[in-house]
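Chemist: Sending over a structure as structure tokens; questions will come in a sec.
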Amino acid sequence: MTANIKKISLAFGSTGIEFEIPERNLASVILPSEFEIKAEGSSLVKKALENPIKSRRLSEIVNPDSEVAIIVSDVTRPTPTAKLLPPLLEELYLGGAKDENITIVFALGLHRNQTEEESRKLVGEQVYEKIRCIQHDRKRCRHLGETSFGTPVEVFEEVADSDVIISTGTLEFHYYAGYSGGGKSVLPGVSSEKSILSYHSFYSKLFEGDPLSGRTDSPARQNIEEAARVAGLNFILNVVLNSKKEIVAAVAGDFIEAHRKGVEVVDSMYKVPVEPADAAIVSCGGFPKDINLFQATKSLENAVFAVKKGGSIVLVAECTEGIGDKVYERWSTEYKTPDEAIKKFRKCFEFGGHKAATVGRAAKTFKLYLVSKLPDTESRNTFFIPVKSVEEALENILSENSDAKIHIMPNGGWTLPVMK
């Protein structure tokens with residue numbers, strides 16, 4: 001290999017892909033400032049549980065009669081739930097909680113139900129055998145009130161009826177809620193369809209304004225936290241992961257204060273100052289972030305900050321489960337141009353349609369390439385130019401401008417470029 005060619009590896013599904021790029025075209029590899037891991041993930045979790053932020057310990061909150069609901073992430077999220085649950089259960093047992101009074105609830109939001117195999121794998125075999133594990137049912141929700149945004153707080157009755165509600169999850173950037181984690185596992189995680197659609201409907205009013213990713217003052221975040229308060233969320237356990245999906249930090253306690261402490265860690269690791277370049281090649285970071293296009297577009301939304309207007313973005317996402325959302329699929333065939341999708345979205349919010357509008361907005365500003373397993377027609381219908389490989393996209397970019405400067409984002413789902 002000649003000295004002026006750089007070989008790059010990117011995650012793609014559960015495997016990876018490699019390509020070569022001339023060094024003179026490589027602007028930078030945008031990587032998080034990852035911490036050196038000072039302790040094993042489970043001991044970080046244990047320490048967080050022993051030192052909760054603005055809250056009593058869980059062992060002081062529960063008693064032998066407490067009915068406890070533990071909300072956990074579903075299969076579309078990278079949360080290492082099987083590592084969080086043993087220390088969390090130990091802390092509950094310390095307060096006298098009994099297995100038969102504990103229920104683990106998978107926060108599906110509007111996502112598909114999981115297979116038993118997926119559920120087992122997420123919580124771990126031993127926990128699955130001894131603790132009741134159920135999936136959120138958005139048709140069995142109880143109306144508890146309303147937020148100041150007019151969103152009805154309708155929560156899965158198994159959660160609403162518990163004495164103690166604990167929420168677990170991963171803290172990372174979110175295109176609309178600013179960050180994941182905290183009360184987000186209540187709204188939208190275990191809420192009714194009506195609540196979830198109300199929560200998402202504000203995006204149609206906000207999506208053409210300033211970007212909301214990486215902001216705790218996002219109206220969606222405020223809506224989430226009001227709903228979590230109404231629902232009676234008692235305690236959170238959230239972790240921050242590195243690009244290898246290892247736990248680098250854990251926070252526990254009050255669902256707002258502990259969340260904000262975790263946000264500080266996310267910002268210090270994943271907000272990366274960059275000078276916008278002519279193009280960016282972005283991988284979602286592999287499975288499960290590129291399980292379908294619906295999930296993968298979150299990486300696209302982060303990548304737009306790294307590219308000059310009129311530039312190109314190459315999204316590397318396997319998408320083994322296709323587009324991943326029926327409404328997004330329908331919009332991709334009904335609305336032929338980005339303008340049509342955006343116009344429709346302004347008039348009528350439909351969950352799933354927001355993805356078509358968001359990608360449409362990006363397609364109006366940038367040339368979007370997609371390396372995936374989607375059929376070419378689906379890629380085109382979703383406003384991407386299908387390419388068989390990163391090399392093919394690179395060839396197109398460099399044929400238009402041989403001096404193009406290109407950023408590489410190996411972890412688009414985690415990394416938020418910010419202006420230098």
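Each chain in the structure tokens gets a letter, A, B and so on, in the order shown; residues start at 1 in every chain, and ligands are counted from 1 in the order they appear.
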Just the strand (DSSP E or B) stuff from stretch 353-412 of chain A, please, per backbone DSSP, written as number ranges by chain.
Modeler: A: 367-371, 385-386, 406-409
Chemist: Could you write out the selected residues, including N, CA and C atoms, as a JSON list (two decimals), in the first residue's frame?
Modeler:
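This went into selection28.json:
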[["chain", "number", "residue", "atom", "x", "y", "z"],
["A", 367, "LYS", "N", -25.84, 16.05, -0.65],
["A", 367, "LYS", "CA", -26.02, 14.88, -1.49],
["A", 367, "LYS", "C", -25.87, 13.68, -0.56],
["A", 368, "LEU", "N", -26.90, 12.85, -0.46],
["A", 368, "LEU", "CA", -26.89, 11.74, 0.50],
["A", 368, "LEU", "C", -26.66, 10.40, -0.21],
["A", 369, "TYR", "N", -25.59, 9.72, 0.16],
["A", 369, "TYR", "CA", -25.31, 8.37, -0.36],
["A", 369, "TYR", "C", -25.60, 7.36, 0.75],
["A", 370, "LEU", "N", -26.02, 6.14, 0.34],
["A", 370, "LEU", "CA", -26.30, 5.10, 1.34],
["A", 370, "LEU", "C", -25.65, 3.78, 0.93],
["A", 371, "VAL", "N", -24.80, 3.26, 1.82],
["A", 371, "VAL", "CA", -24.23, 1.92, 1.66],
["A", 371, "VAL", "C", -25.00, 1.04, 2.63],
["A", 385, "ILE", "N", -28.92, 8.26, -2.47],
["A", 385, "ILE", "CA", -28.37, 7.70, -3.70],
["A", 385, "ILE", "C", -27.75, 6.37, -3.30],
["A", 386, "PRO", "N", -28.30, 5.23, -3.80],
["A", 386, "PRO", "CA", -27.73, 3.94, -3.38],
["A", 386, "PRO", "C", -26.36, 3.71, -4.01],
["A", 406, "ILE", "N", -12.61, 15.33, 3.41],
["A", 406, "ILE", "CA", -13.65, 14.41, 3.89],
["A", 406, "ILE", "C", -13.40, 14.00, 5.34],
["A", 407, "HIS", "N", -14.44, 14.17, 6.18],
["A", 407, "HIS", "CA", -14.38, 13.67, 7.56],
["A", 407, "HIS", "C", -14.87, 12.23, 7.59],
["A", 408, "ILE", "N", -14.30, 11.43, 8.47],
["A", 408, "ILE", "CA", -14.80, 10.08, 8.72],
["A", 408, "ILE", "C", -15.39, 10.06, 10.13],
["A", 409, "MET", "N", -16.63, 9.54, 10.25],
["A", 409, "MET", "CA", -17.26, 9.41, 11.57],
["A", 409, "MET", "C", -17.57, 7.94, 11.84]]
Chemist: Quick one: residues within 9 Å of stretch 36-47 of chain A, only C-alpha atoms, excluding same-chain residues fewer than 5 positions away - as a PyMOL selection string?
Modeler: chain A and resi 52+83-84+86-88+91+237-239+246-252
Chemist: Determine, using only C-alpha atoms, which residues of stretch 26-80 of chain A have any atom at most 7 Å from an atom of stretch 277-291 of chain A, and tabulate each with its shortest atom pair and distance in Å to one decimal place, rows ordered by chain and then rising number, as a Markdown table.
Modeler:
| residue | atom | partner | partner_atom | distance |
| --- | --- | --- | --- | --- |
| A:Ala27 | CA | A:Ala277 | CA | 6.9 |
| A:Thr76 | CA | A:Pro288 | CA | 5.7 |
| A:Arg77 | CA | A:Pro288 | CA | 6.5 |
| A:Pro78 | CA | A:Pro288 | CA | 6.5 |
Chemist: Please run DSSP on the backbone and report, as number ranges by chain, all residues within stretch 148-315 of chain A that come out as helix (DSSP H, G or I).
Modeler: A: 157-160, 182-185, 193-201, 203-206, 219-231, 257-270, 293-306
Chemist: Could those selected residues go to a file with C-alpha atoms, as a PDB file, in the first residue's frame?
Modeler:
ATOM      1  CA  GLU A 157     -50.890  -0.057  33.915  1.00  0.00           C
ATOM      2  CA  GLU A 158     -48.268  -2.553  35.157  1.00  0.00           C
ATOM      3  CA  VAL A 159     -45.948   0.423  35.697  1.00  0.00           C
ATOM      4  CA  ALA A 160     -48.619   2.841  36.937  1.00  0.00           C
ATOM      5  CA  GLY A 182     -33.774   9.787  32.331  1.00  0.00           C
ATOM      6  CA  GLY A 183     -37.552   9.895  32.075  1.00  0.00           C
ATOM      7  CA  LYS A 184     -37.514   8.949  28.382  1.00  0.00           C
ATOM      8  CA  SER A 185     -38.218   5.332  29.271  1.00  0.00           C
ATOM      9  CA  GLU A 193     -49.975   5.501  21.439  1.00  0.00           C
ATOM     10  CA  LYS A 194     -51.928   8.716  22.028  1.00  0.00           C
ATOM     11  CA  SER A 195     -49.275  10.000  24.485  1.00  0.00           C
ATOM     12  CA  ILE A 196     -46.399   9.019  22.203  1.00  0.00           C
ATOM     13  CA  LEU A 197     -47.935  10.670  19.141  1.00  0.00           C
ATOM     14  CA  SER A 198     -48.620  13.836  21.144  1.00  0.00           C
ATOM     15  CA  TYR A 199     -45.001  13.830  22.397  1.00  0.00           C
ATOM     16  CA  HIS A 200     -43.653  13.415  18.866  1.00  0.00           C
ATOM     17  CA  SER A 201     -46.068  15.882  17.251  1.00  0.00           C
ATOM     18  CA  TYR A 203     -41.245  17.865  16.349  1.00  0.00           C
ATOM     19  CA  SER A 204     -43.167  19.053  13.276  1.00  0.00           C
ATOM     20  CA  LYS A 205     -43.248  22.532  14.838  1.00  0.00           C
ATOM     21  CA  LEU A 206     -39.597  22.475  15.901  1.00  0.00           C
ATOM     22  CA  PRO A 219     -39.056  21.152  24.730  1.00  0.00           C
ATOM     23  CA  ALA A 220     -39.304  17.386  24.245  1.00  0.00           C
ATOM     24  CA  ARG A 221     -37.015  16.830  27.249  1.00  0.00           C
ATOM     25  CA  GLN A 222     -39.194  19.157  29.365  1.00  0.00           C
ATOM     26  CA  ASN A 223     -42.304  17.271  28.229  1.00  0.00           C
ATOM     27  CA  ILE A 224     -40.646  13.931  29.116  1.00  0.00           C
ATOM     28  CA  GLU A 225     -39.730  15.133  32.595  1.00  0.00           C
ATOM     29  CA  GLU A 226     -43.180  16.501  33.355  1.00  0.00           C
ATOM     30  CA  ALA A 227     -44.694  13.165  32.290  1.00  0.00           C
ATOM     31  CA  ALA A 228     -42.195  11.193  34.391  1.00  0.00           C
ATOM     32  CA  ARG A 229     -43.092  13.319  37.419  1.00  0.00           C
ATOM     33  CA  VAL A 230     -46.824  12.725  36.888  1.00  0.00           C
ATOM     34  CA  ALA A 231     -46.169   8.981  36.462  1.00  0.00           C
ATOM     35  CA  GLU A 257     -30.383  15.559  38.686  1.00  0.00           C
ATOM     36  CA  ALA A 258     -28.722  12.196  37.970  1.00  0.00           C
ATOM     37  CA  HIS A 259     -29.556  12.554  34.280  1.00  0.00           C
ATOM     38  CA  ARG A 260     -27.806  15.959  34.112  1.00  0.00           C
ATOM     39  CA  LYS A 261     -24.713  14.558  35.804  1.00  0.00           C
ATOM     40  CA  GLY A 262     -24.623  11.857  33.115  1.00  0.00           C
ATOM     41  CA  VAL A 263     -25.121  14.493  30.402  1.00  0.00           C
ATOM     42  CA  GLU A 264     -21.889  16.195  31.534  1.00  0.00           C
ATOM     43  CA  VAL A 265     -20.030  12.936  30.894  1.00  0.00           C
ATOM     44  CA  VAL A 266     -21.644  12.481  27.458  1.00  0.00           C
ATOM     45  CA  ASP A 267     -20.727  16.050  26.453  1.00  0.00           C
ATOM     46  CA  SER A 268     -17.122  15.705  27.563  1.00  0.00           C
ATOM     47  CA  MET A 269     -16.743  12.497  25.545  1.00  0.00           C
ATOM     48  CA  TYR A 270     -18.922  12.932  22.493  1.00  0.00           C
ATOM     49  CA  LEU A 293     -33.024   2.851   8.385  1.00  0.00           C
ATOM     50  CA  PHE A 294     -35.349   4.346  11.010  1.00  0.00           C
ATOM     51  CA  GLN A 295     -32.582   3.929  13.639  1.00  0.00           C
ATOM     52  CA  ALA A 296     -29.677   4.653  11.251  1.00  0.00           C
ATOM     53  CA  THR A 297     -30.905   8.129  10.279  1.00  0.00           C
ATOM     54  CA  LYS A 298     -29.980   9.341  13.793  1.00  0.00           C
ATOM     55  CA  SER A 299     -26.329   9.126  12.694  1.00  0.00           C
ATOM     56  CA  LEU A 300     -27.132  11.111   9.558  1.00  0.00           C
ATOM     57  CA  GLU A 301     -28.646  13.837  11.728  1.00  0.00           C
ATOM     58  CA  ASN A 302     -25.393  14.119  13.703  1.00  0.00           C
ATOM     59  CA  ALA A 303     -23.235  14.076  10.563  1.00  0.00           C
ATOM     60  CA  VAL A 304     -24.889  17.154   9.015  1.00  0.00           C
ATOM     61  CA  PHE A 305     -22.955  19.348  11.476  1.00  0.00           C
ATOM     62  CA  ALA A 306     -19.636  18.152  10.001  1.00  0.00           C
TER      63      ALA A 306
END
Chemist: May I have the residues within 12 Å of A:Ala404 as a count of residues only, using only C-alpha atoms and disregarding those fewer than 5 positions away in the same chain?
Modeler: 22
Chemist: Might you pull out every residue within 6 Å of A:Ile236, with only C-alpha atoms counted and same-chain residues fewer than 6 positions away left off, and present them as number ranges by chain?
Modeler: A: 166-168, 252-253, 255
Chemist: Figure out the distance between atom CA of A:Val72 and atom CA of A:Ser55, please, to one decimal in Å.
Modeler: 20.1 Å
